[in-house]
>>> print(open('run_14.txt').read())   # compact mmCIF, C-alpha atoms
# COMPACT_ATOMS: atom_id res chain seq x y z
CA MET T 1 55.60 119.77 126.79
CA THR T 2 55.93 116.75 124.61
CA GLN T 3 59.21 118.14 123.40
CA GLU T 4 60.73 117.48 126.76
CA ARG T 5 59.87 113.84 126.61
CA PHE T 6 62.57 113.05 124.12
CA SER T 7 66.20 113.97 124.43
CA ASP T 8 68.24 115.19 121.47
CA GLU T 9 70.11 111.89 121.53
CA THR T 10 66.88 109.94 121.26
CA LEU T 11 65.54 111.98 118.37
CA MET T 12 68.89 111.84 116.63
CA ALA T 13 69.00 108.07 117.02
CA PHE T 14 65.49 107.96 115.63
CA ALA T 15 66.55 110.02 112.63
CA ASP T 16 69.56 107.74 112.16
CA GLY T 17 67.52 104.56 112.41
CA GLU T 18 69.41 103.50 115.51
CA LEU T 19 66.58 103.42 118.01
CA PRO T 20 65.42 100.07 119.39
CA PRO T 21 61.90 99.14 118.23
CA GLU T 22 60.07 100.06 121.43
CA GLU T 23 61.51 103.53 121.66
CA ARG T 24 61.08 103.99 117.94
CA GLU T 25 57.38 103.27 118.20
CA ALA T 26 57.06 105.71 121.07
CA VAL T 27 58.64 108.46 118.97
CA GLU T 28 56.47 107.56 116.00
CA ARG T 29 53.33 107.82 118.14
CA ALA T 30 54.41 111.18 119.54
CA LEU T 31 55.22 112.47 116.06
CA GLU T 32 51.64 111.99 114.97
CA ASN T 33 50.42 114.99 116.92
CA ASP T 34 53.52 117.00 117.68
CA PRO T 35 54.80 119.04 114.73
CA ALA T 36 57.58 120.55 116.80
CA LEU T 37 58.92 117.11 117.47
CA GLY T 38 58.85 116.48 113.73
CA GLU T 39 60.94 119.57 113.17
CA ARG T 40 63.54 118.44 115.63
CA VAL T 41 63.80 115.08 113.90
CA ALA T 42 63.93 116.79 110.52
CA ALA T 43 66.75 119.00 111.74
CA PHE T 44 68.81 115.94 112.60
CA LEU T 45 68.12 114.42 109.20
CA ASP T 46 69.02 117.73 107.61
CA SER T 47 72.27 118.06 109.51
CA ARG T 48 73.33 114.63 108.33
CA MET T 49 72.58 115.49 104.71
CA ARG T 50 74.46 118.75 105.00
CA ALA T 51 77.50 117.11 106.53
CA GLN T 52 77.51 114.57 103.72
CA ASP T 53 77.14 117.21 101.06
CA ALA T 54 79.75 119.48 102.58
CA LEU T 55 82.38 116.77 102.75
CA LYS T 56 81.57 115.18 99.41
CA PRO T 57 84.08 117.35 97.55
CA LEU T 58 86.85 115.89 99.71
CA LEU T 59 85.86 112.43 98.58
CA ASP T 60 85.89 113.56 94.98
CA GLU T 61 89.34 115.08 95.22
CA PRO T 62 91.68 112.88 93.25
CA VAL T 63 93.98 110.84 95.47
CA PRO T 64 97.48 112.23 94.87
CA GLU T 65 99.24 110.01 92.38
CA ALA T 66 102.29 109.59 94.57
CA LEU T 67 100.16 108.30 97.42
CA ALA T 68 98.17 105.92 95.25
CA ALA T 69 101.38 104.64 93.71
CA ARG T 70 103.03 104.02 97.06
CA VAL T 71 100.03 102.12 98.36
CA SER T 72 99.74 100.06 95.18
CA GLY T 73 103.44 99.34 95.52
CA MET T 74 103.04 98.11 99.06
CA ILE T 75 100.14 95.90 98.05
CA GLY T 76 102.03 94.48 95.09
CA GLU T 77 105.06 93.80 97.23
CA GLN T 78 102.99 92.04 99.81
CA SER T 79 101.05 89.87 97.43
CA ASN T 80 104.40 88.64 96.15
CA VAL T 81 105.91 87.87 99.47
CA THR T 82 102.99 87.50 101.77
CA ALA T 83 103.95 84.26 103.34
CA PHE T 84 107.58 85.01 104.03
CA ARG T 85 107.29 88.63 104.91
CA GLN T 86 104.70 88.11 107.54
CA ARG T 87 106.81 85.51 109.17
CA GLN T 88 109.91 87.57 109.18
CA ALA T 89 107.99 90.36 110.79
CA GLY T 90 106.88 87.89 113.41
CA ALA T 91 103.42 89.31 113.10
CA PRO T 92 100.78 86.93 114.38
CA ALA T 93 98.79 88.05 111.44
CA ARG T 94 97.50 84.76 110.19
CA ARG T 95 95.61 82.37 112.29
CA TRP T 96 97.88 79.54 111.40
CA ALA T 97 101.04 81.37 112.26
CA LEU T 98 100.08 81.62 115.89
CA PRO T 99 100.43 78.16 117.29
CA LEU T 100 103.77 77.43 115.71
CA ALA T 101 106.00 77.15 118.70
CA ALA T 102 109.67 77.50 119.05
CA SER T 103 110.29 73.81 119.08
CA VAL T 104 111.80 73.27 115.73
CA ALA T 105 112.14 69.61 116.08
CA LEU T 106 113.82 68.41 113.00
CA VAL T 107 115.10 69.63 109.75
CA ALA T 108 115.28 66.89 107.26
CA GLY T 109 116.02 66.59 103.64
CA ALA T 110 118.00 69.02 101.65
CA LEU T 111 118.84 69.67 98.14
CA GLY T 112 119.21 66.10 97.07
CA GLY T 113 115.61 65.30 96.47
CA TYR T 114 114.56 63.14 99.24
CA LEU T 115 111.14 61.90 99.15
CA ALA T 116 108.34 59.69 99.24
CA GLY T 117 110.80 57.36 100.82
CA ILE T 118 110.01 58.57 104.26
CA SER T 119 107.53 56.19 105.63
CA GLY T 120 104.64 57.21 107.81
CA PRO T 121 104.70 59.21 110.97
CA ASP T 122 107.77 58.80 113.06
CA THR T 123 105.90 58.03 116.17
CA GLU T 124 108.89 56.68 118.02
CA SER T 125 110.42 60.07 118.42
CA GLY T 126 107.07 61.70 118.85
CA LEU T 127 107.47 63.54 115.59
CA ARG T 128 105.32 63.33 112.58
CA MET T 129 106.82 64.28 109.32
CA ALA T 130 105.00 65.39 106.29
CA ASP T 131 104.82 62.44 104.02
CA LEU T 132 103.92 62.59 100.39
CA SER T 133 102.47 59.11 100.55
CA GLN T 134 99.86 60.41 102.93
CA PRO T 135 96.51 60.20 101.16
CA GLY T 136 95.50 63.37 99.46
CA ILE T 137 98.72 65.34 99.77
CA VAL T 138 99.77 65.06 96.14
CA THR T 139 96.29 66.00 94.99
CA ALA T 140 96.36 68.95 97.33
CA LEU T 141 99.78 70.03 96.08
CA ASN T 142 98.44 69.97 92.54
CA SER T 143 95.28 71.89 93.25
CA VAL T 144 95.06 73.92 96.45
CA ALA T 145 95.81 77.61 95.95
CA SER T 146 98.19 79.25 98.39
CA GLY T 147 96.28 80.68 101.28
CA ALA T 148 93.63 77.98 101.04
CA GLU T 149 93.41 74.72 102.91
CA THR T 150 91.80 71.36 102.57
CA GLY T 151 91.09 68.38 104.77
CA LEU T 152 93.19 65.26 104.50
CA ALA T 153 92.27 61.89 105.84
CA ALA T 154 92.07 61.35 109.57
CA GLY T 155 91.26 64.88 110.63
CA GLU T 156 94.41 66.37 109.23
CA ARG T 157 94.50 69.68 107.45
CA PHE T 158 96.62 70.64 104.48
CA ARG T 159 97.36 74.31 103.97
CA ALA T 160 99.15 75.75 100.97
CA ILE T 161 101.40 78.64 101.90
CA ALA T 162 103.22 79.75 98.80
CA SER T 163 104.58 78.64 95.45
CA TYR T 164 107.86 79.68 93.93
CA ARG T 165 110.54 78.53 91.54
CA ASP T 166 113.95 77.55 92.81
CA ALA T 167 117.27 78.47 91.24
CA ASP T 168 116.75 75.69 88.64
CA ASN T 169 113.32 77.04 87.79
CA THR T 170 111.66 74.03 89.37
CA LEU T 171 108.18 74.60 90.76
CA CYS T 172 108.18 74.31 94.54
CA ARG T 173 105.44 74.73 97.11
CA GLU T 174 105.59 75.48 100.75
CA PHE T 175 102.77 73.95 102.71
CA GLU T 176 101.74 72.95 106.20
CA VAL T 177 99.97 69.94 107.58
CA ASP T 178 98.16 70.07 110.90
CA HIS T 179 98.08 66.78 112.68
CA ALA T 180 95.31 65.71 114.97
CA ASP T 181 97.70 65.83 117.93
CA GLY T 182 98.15 69.55 117.49
CA SER T 183 101.54 69.51 115.86
CA THR T 184 102.09 71.29 112.59
CA VAL T 185 104.54 70.29 109.94
CA VAL T 186 105.95 72.92 107.65
CA ALA T 187 107.27 71.47 104.43
CA VAL T 188 108.51 72.27 100.98
CA ALA T 189 107.98 69.99 98.02
CA CYS T 190 109.25 70.49 94.49
CA LEU T 191 108.23 69.07 91.16
CA PRO T 192 111.42 68.49 89.14
CA ASP T 193 110.09 65.95 86.63
CA GLY T 194 106.42 65.44 87.07
CA THR T 195 106.71 63.91 90.54
CA TRP T 196 106.50 65.86 93.77
CA GLU T 197 109.54 65.41 95.98
CA LEU T 198 109.74 66.47 99.54
CA GLN T 199 112.64 68.83 100.02
CA PHE T 200 112.32 70.09 103.51
CA THR T 201 110.23 69.51 106.57
CA VAL T 202 110.21 70.99 109.98
CA VAL T 203 107.90 70.14 112.84
CA ALA T 204 106.60 72.99 114.88
CA GLN T 205 104.77 71.79 117.90
CA GLN T 206 101.99 73.66 119.50
CA ASN T 207 103.06 75.08 122.75
CA SER T 208 100.79 76.63 125.31
CA SER T 209 103.60 78.51 127.00
CA GLY T 210 103.93 81.22 124.41
CA TYR T 211 104.90 81.23 120.83
CA ALA T 212 107.71 82.34 118.63
CA PRO T 213 106.66 81.63 115.09
CA ALA T 214 109.38 83.72 113.53
CA SER T 215 112.22 81.88 115.20
CA SER T 216 110.65 78.48 114.67
CA LEU T 217 110.73 79.15 110.97
CA GLU T 218 114.25 80.45 110.72
CA ALA T 219 115.32 77.08 109.43
CA LEU T 220 112.80 77.36 106.64
CA ASP T 221 113.93 80.84 105.73
CA ALA T 222 117.54 79.67 105.72
CA TYR T 223 116.60 76.77 103.49
CA LEU T 224 114.70 78.95 101.06
CA SER T 225 117.54 81.37 100.69
CA ALA T 226 120.03 78.50 100.32
CA VAL T 227 118.18 77.03 97.36
CA GLY T 228 117.77 80.39 95.74
CA ALA T 229 114.00 80.39 96.02
CA GLY T 230 112.46 83.11 93.95
CA ALA T 231 109.73 85.41 95.18
CA PRO T 232 106.46 83.62 95.85
CA MET T 233 104.23 83.58 92.80
CA SER T 234 101.17 85.71 92.48
CA ALA T 235 97.85 83.93 92.53
CA GLU T 236 97.68 84.07 88.74
CA GLU T 237 101.18 82.75 88.18
CA GLU T 238 100.55 79.95 90.62
CA GLU T 239 97.30 79.00 88.97
CA ALA T 240 99.01 78.78 85.61
CA ALA T 241 101.89 76.77 87.06
CA LEU T 242 99.56 74.31 88.78
CA ARG T 243 97.42 73.93 85.69
CA SER T 244 100.47 72.82 83.75
CA THR T 245 101.13 70.04 86.27
CA ASP T 246 98.00 68.19 85.22
CA MET M 1 98.59 91.82 91.31
CA ALA M 2 96.38 93.20 94.02
CA ASP M 3 94.22 90.61 95.72
CA GLU M 4 90.73 91.36 96.97
CA PHE M 5 92.01 92.91 100.16
CA GLY M 6 94.37 95.14 98.23
CA GLN M 7 91.69 96.17 95.78
CA GLU M 8 89.35 97.13 98.56
CA LEU M 9 92.09 99.09 100.25
CA ILE M 10 92.74 101.05 97.06
CA ALA M 11 89.04 101.67 96.60
CA LEU M 12 88.85 103.12 100.11
CA LEU M 13 91.76 105.54 99.65
CA PRO M 14 89.50 108.56 99.05
CA ASN M 15 87.57 107.79 102.23
CA LEU M 16 90.74 107.23 104.21
CA ARG M 17 92.13 110.47 102.92
CA ARG M 18 89.00 112.36 103.85
CA PHE M 19 89.08 111.04 107.40
CA ALA M 20 92.80 111.77 107.57
CA ILE M 21 92.29 115.36 106.47
CA SER M 22 89.67 115.86 109.11
CA LEU M 23 91.99 114.40 111.74
CA CYS M 24 95.20 116.19 110.74
CA LYS M 25 93.76 119.39 109.34
CA SER M 26 96.43 119.29 106.70
CA ARG M 27 96.53 117.55 103.35
CA ASP M 28 100.24 116.85 103.42
CA ILE M 29 100.20 115.27 106.83
CA ALA M 30 96.99 113.47 105.88
CA ASP M 31 98.68 111.75 102.96
CA ASP M 32 101.47 110.54 105.23
CA LEU M 33 98.88 109.26 107.65
CA VAL M 34 97.01 107.43 104.90
CA GLN M 35 100.21 105.77 103.83
CA ALA M 36 101.11 104.77 107.38
CA THR M 37 97.60 103.40 107.82
CA CYS M 38 97.85 101.27 104.69
CA GLU M 39 101.21 99.93 105.84
CA LYS M 40 99.80 98.92 109.19
CA ALA M 41 96.69 97.48 107.59
CA LEU M 42 98.73 95.32 105.24
CA ALA M 43 101.00 94.15 108.03
CA ASN M 44 98.01 93.24 110.17
CA ARG M 45 95.59 92.09 107.56
CA GLY M 46 95.05 88.86 109.44
CA SER M 47 93.30 90.76 112.19
CA TYR M 48 90.66 92.03 109.79
CA GLN M 49 87.52 89.96 110.09
CA PRO M 50 86.01 89.34 106.68
CA GLY M 51 82.35 90.22 106.62
CA THR M 52 82.83 93.27 108.83
CA ARG M 53 83.24 96.76 107.45
CA MET M 54 86.77 97.17 106.24
CA ASP M 55 86.50 100.96 106.29
CA ALA M 56 85.67 100.90 110.00
CA TRP M 57 88.67 98.66 110.63
CA LEU M 58 90.90 101.03 108.66
CA PHE M 59 89.55 104.13 110.38
CA ARG M 60 90.41 102.61 113.71
CA ILE M 61 93.97 101.86 112.59
CA MET M 62 94.27 105.37 111.23
CA ARG M 63 92.99 107.04 114.33
CA ASN M 64 95.30 105.05 116.57
CA ALA M 65 98.22 105.90 114.30
CA TRP M 66 97.27 109.54 114.51
CA ILE M 67 97.02 109.46 118.29
CA ASP M 68 100.46 107.84 118.50
CA ARG M 69 101.86 110.48 116.26
CA THR M 70 100.39 113.45 118.07
CA ARG M 71 101.47 112.02 121.38
CA ARG M 72 105.00 111.75 120.10
CA GLN M 73 104.88 115.22 118.66
CA ARG M 74 103.73 116.67 121.92
CA THR M 75 106.68 115.18 123.72
CA GLU M 76 108.95 116.48 121.02
CA GLY M 77 107.36 119.87 121.24
CA VAL M 78 106.54 119.98 117.54
CA GLN M 79 103.45 121.87 116.54
CA THR M 80 101.30 120.94 113.62
CA ASP M 81 100.61 123.81 111.37
CA ILE M 82 96.88 124.21 111.39
CA ASP M 83 95.26 125.94 108.51
CA ASP M 84 92.47 127.33 110.67
CA ALA M 85 89.04 126.32 109.51
CA HIS M 86 89.65 125.89 105.82
CA PHE M 87 91.13 122.45 105.70
CA LEU M 88 87.84 120.77 104.91
CA ILE M 89 87.08 122.99 101.99
CA GLY M 90 88.13 121.86 98.56
CA GLN M 91 91.01 123.74 97.02
CA ASP M 92 89.61 123.97 93.56
CA GLY M 93 88.64 127.61 93.94
CA ALA M 94 85.37 126.91 92.21
CA ALA M 95 83.02 129.72 91.42
CA ALA M 96 81.31 130.93 94.55
CA THR M 97 77.86 129.87 93.63
CA GLU M 98 75.30 130.21 96.32
CA ALA M 99 75.03 126.47 96.76
CA ARG M 100 78.76 126.27 97.16
CA LEU M 101 78.77 129.02 99.76
CA VAL M 102 76.22 127.14 101.79
CA LEU M 103 78.32 124.00 101.52
CA ASN M 104 81.34 125.91 102.64
CA GLU M 105 79.40 127.27 105.53
CA THR M 106 78.67 123.75 106.67
CA ALA M 107 82.24 122.69 106.05
CA ARG M 108 83.47 125.61 108.12
CA ALA M 109 81.09 124.68 110.91
CA ILE M 110 82.41 121.13 110.79
CA ALA M 111 85.99 122.33 110.72
CA ALA M 112 85.35 124.46 113.80
CA LEU M 113 84.00 121.55 115.83
CA PRO M 114 86.09 120.12 118.64
CA ASP M 115 88.14 117.22 117.26
CA GLU M 116 86.19 114.57 119.13
CA GLN M 117 82.90 115.83 117.76
CA ARG M 118 84.16 116.19 114.22
CA GLU M 119 85.51 112.65 114.05
CA VAL M 120 82.28 111.10 115.24
CA LEU M 121 80.25 113.24 112.85
CA LEU M 122 82.43 112.11 110.00
CA LEU M 123 82.26 108.44 110.90
CA VAL M 124 78.51 108.27 111.50
CA SER M 125 76.85 110.98 109.47
CA VAL M 126 79.23 111.01 106.54
CA GLU M 127 80.73 107.51 106.37
CA ALA M 128 77.51 105.92 107.63
CA LEU M 129 79.03 103.76 110.33
CA SER M 130 76.58 102.59 112.96
CA TYR M 131 76.89 104.05 116.44
CA LYS M 132 78.33 100.76 117.56
CA GLU M 133 80.91 100.67 114.79
CA ALA M 134 81.90 104.24 115.55
CA ALA M 135 82.21 103.39 119.24
CA THR M 136 84.63 100.62 118.32
CA VAL M 137 86.67 102.87 116.06
CA LEU M 138 86.90 105.56 118.72
CA ASP M 139 87.18 103.22 121.66
CA VAL M 140 84.43 104.96 123.63
CA PRO M 141 80.99 103.82 124.84
CA ILE M 142 78.01 104.20 122.50
CA GLY M 143 76.54 106.80 124.84
CA THR M 144 79.60 108.97 124.29
CA VAL M 145 79.25 108.59 120.54
CA MET M 146 75.65 109.71 120.77
CA SER M 147 76.23 112.74 122.96
CA ARG M 148 79.19 113.96 120.88
CA LEU M 149 77.29 113.39 117.67
CA ALA M 150 74.19 115.18 118.90
CA ARG M 151 76.27 118.15 120.03
CA ALA M 152 78.09 118.29 116.71
CA ARG M 153 74.85 118.28 114.77
CA LYS M 154 73.24 120.90 116.97
CA LYS M 155 76.21 123.14 116.26
CA ILE M 156 75.85 122.62 112.54
CA MET M 157 72.16 123.43 112.78
CA ASP M 158 73.02 126.61 114.66
CA GLU M 159 75.74 127.66 112.28
CA VAL M 160 73.85 127.15 109.08
CA GLY M 161 70.49 128.09 110.47
CA ILE M 162 68.62 124.87 110.13
CA GLU M 163 65.28 125.27 111.78
CA GLY M 164 65.16 122.96 114.69
CA PRO M 165 62.77 123.45 117.55
CA ALA M 166 59.77 125.66 116.87
CA GLU M 167 61.07 128.58 118.90
CA ARG M 168 63.84 129.09 116.38
CA SER M 169 61.46 129.50 113.49
CA GLY M 170 61.92 133.28 113.21
CA ASP M 171 65.67 133.06 113.30
CA LYS M 172 66.89 132.29 109.82
CA LYS M 173 70.58 132.63 109.32
CA GLY M 174 71.02 133.19 105.67
CA ILE M 175 69.55 129.95 104.44
CA ALA M 176 67.36 130.51 101.44
CA LYS M 177 64.52 128.10 101.62
>>> encode(input="run_14.txt", output="structure tokens")
Amino acid sequence: MTQERFSDETLMAFADGELPPEEREAVERALENDPALGERVAAFLDSRMRAQDALKPLLDEPVPEALAARVSGMIGEQSNVTAFRQRQAGAPARRWALPLAASVALVAGALGGYLAGISGPDTESGLRMADLSQPGIVTALNSVASGAETGLAAGERFRAIASYRDADNTLCREFEVDHADGSTVVAVACLPDGTWELQFTVVAQQNSSGYAPASSLEALDAYLSAVGAGAPMSAEEEEAALRSTD
Amino acid sequence: MADEFGQELIALLPNLRRFAISLCKSRDIADDLVQATCEKALANRGSYQPGTRMDAWLFRIMRNAWIDRTRRQRTEGVQTDIDDAHFLIGQDGAAATEARLVLNETARAIAALPDEQREVLLLVSVEALSYKEAATVLDVPIGTVMSRLARARKKIMDEVGIEGPAERSGDKKGIAK
């Protein structure tokens, strides 16, 4: 009879609120004068409730301390070293890590505090360096939290990657600037005495023929270990450090 | 300091563990699986789309990790020790009240389901994923989700004696109404 008009799947979907409106209305109309149909729907509702109730005790079981501790440990470790770890793993985990191609074009600067002296984009060689005289960069260095980004003038994007202190306890920040031409500059700037100084830049060009973000950033990793960079700061530490730059 | 992602991951540990227990049928192995899942989730956090259900994303990672593991074990010829149908029942040895017996009856029925029916029941009926979300987690069409889920629930109804169609009305299996 009417029972045969609706499959178990249909009635179950009705009970679960998964039926498209038209079919739902058809079931509702049929329910009005078919008690047996109502029982079938009720049985599906009931089975869901029972499954929930039966497995509730599992949810209430305390998570074993050792497990919770290990997971917390992994999370803590990652929030300290997010930026560098992910790169070393070569995981294309963050959107911005993807287009960095293997063409490490130039490593400039070094420990000596080289800086705002670099003038504008080096268009002759086709490379564009990060330049602290670029409008907005210093403001961004002072304010943008790692993981966040902000627009600069002329369609360029500034992205803060991580903050850390070097061996001399100087605040340093790793950041990236996307240029309109698709190239990305990875840079490190430090703040030894109230003025940001560019310490390191590397240009990673976008490359449609595959990517190798990990290798393109080897130079950066080498640099960071050479200057004795500490572990990247947590969000809270960074916030406090940036606040004190004002 | 755990960020938002980390906090949510911690908050979902009980749910992850529950799904793991239902997959592995063993608490010890389940805890390993939860840990492996969290590791993978943290390593691939960039592939999580904010605004979607994080539990569904984690369940998918977990299930794939479990499939990898069982595949490897099969080739190594290692057998998982399966604690028959009791793995879903809490170990607290609580007093056998009638309500608890009925719960256990359902839990046993769930434990006895074929794996592919149990996982879909858990995802949809217990964790409240939509059919579509469950289909994504399990990597099967929605129609498959629905037929497995319907079969699982019919079996529970049979086992615990839920009255379904009218013709079953005289056939109560120990459910006090």
>>> closest_residue(input="run_14.txt", among="T:Gln134, T:Ser72, T:Thr10, T:Gln199", to="Leu9 of chain M", atoms="all atoms listed in the file")
T:Ser72
>>> atom_distance(input="run_14.txt", atom1="atom CA of Ala11 of chain M", atom2="atom CA of Ala43 of chain M")
18.2 Å
>>> interface_residues(input="run_14.txt", of="chain T", to="chain M", cutoff="7 Å", atoms="all atoms listed in the file", output="MDAnalysis selection string")
chainID T and resid 8:9 12 36 39:40 43:44 47:48 50:55 57:59 63 67 71 75:76 79 93:94 234
>>> atom_distance(input="run_14.txt", atom1="atom CA of Gln78 of chain T", atom2="atom CA of Thr136 of chain M")
27.4 Å
>>> atom_distance(input="run_14.txt", atom1="atom CA of Pro135 of chain T", atom2="atom CA of Tyr223 of chain T")
26.1 Å
>>> residues_around(input="run_14.txt", residues="segment 64-69 of chain M", least_positions_apart="3", cutoff="8 Å", atoms="only C-alpha atoms", output="ChimeraX atom specification")
/M:23-24,33,36-37,60-61,72-73
>>> residues_near_point(input="run_14.txt", point="(99.5, 73.9, 98.0)", cutoff="9 Å", atoms="all atoms listed in the file", output="PyMOL selection string")
chain T and resi 137+140-149+158-163+173-176
>>> write_last_selection(input="run_14.txt", atoms="C-alpha atoms", output="mmCIF file, in the frame of the given file")
data_model
loop_
_atom_site.group_PDB
_atom_site.id
_atom_site.type_symbol
_atom_site.label_atom_id
_atom_site.label_comp_id
_atom_site.auth_asym_id
_atom_site.auth_seq_id
_atom_site.Cartn_x
_atom_site.Cartn_y
_atom_site.Cartn_z
ATOM 1 C CA ILE T 137 98.720 65.340 99.770
ATOM 2 C CA ALA T 140 96.360 68.950 97.330
ATOM 3 C CA LEU T 141 99.780 70.030 96.080
ATOM 4 C CA ASN T 142 98.440 69.970 92.540
ATOM 5 C CA SER T 143 95.280 71.890 93.250
ATOM 6 C CA VAL T 144 95.060 73.920 96.450
ATOM 7 C CA ALA T 145 95.810 77.610 95.950
ATOM 8 C CA SER T 146 98.190 79.250 98.390
ATOM 9 C CA GLY T 147 96.280 80.680 101.280
ATOM 10 C CA ALA T 148 93.630 77.980 101.040
ATOM 11 C CA GLU T 149 93.410 74.720 102.910
ATOM 12 C CA PHE T 158 96.620 70.640 104.480
ATOM 13 C CA ARG T 159 97.360 74.310 103.970
ATOM 14 C CA ALA T 160 99.150 75.750 100.970
ATOM 15 C CA ILE T 161 101.400 78.640 101.900
ATOM 16 C CA ALA T 162 103.220 79.750 98.800
ATOM 17 C CA SER T 163 104.580 78.640 95.450
ATOM 18 C CA ARG T 173 105.440 74.730 97.110
ATOM 19 C CA GLU T 174 105.590 75.480 100.750
ATOM 20 C CA PHE T 175 102.770 73.950 102.710
ATOM 21 C CA GLU T 176 101.740 72.950 106.200
#
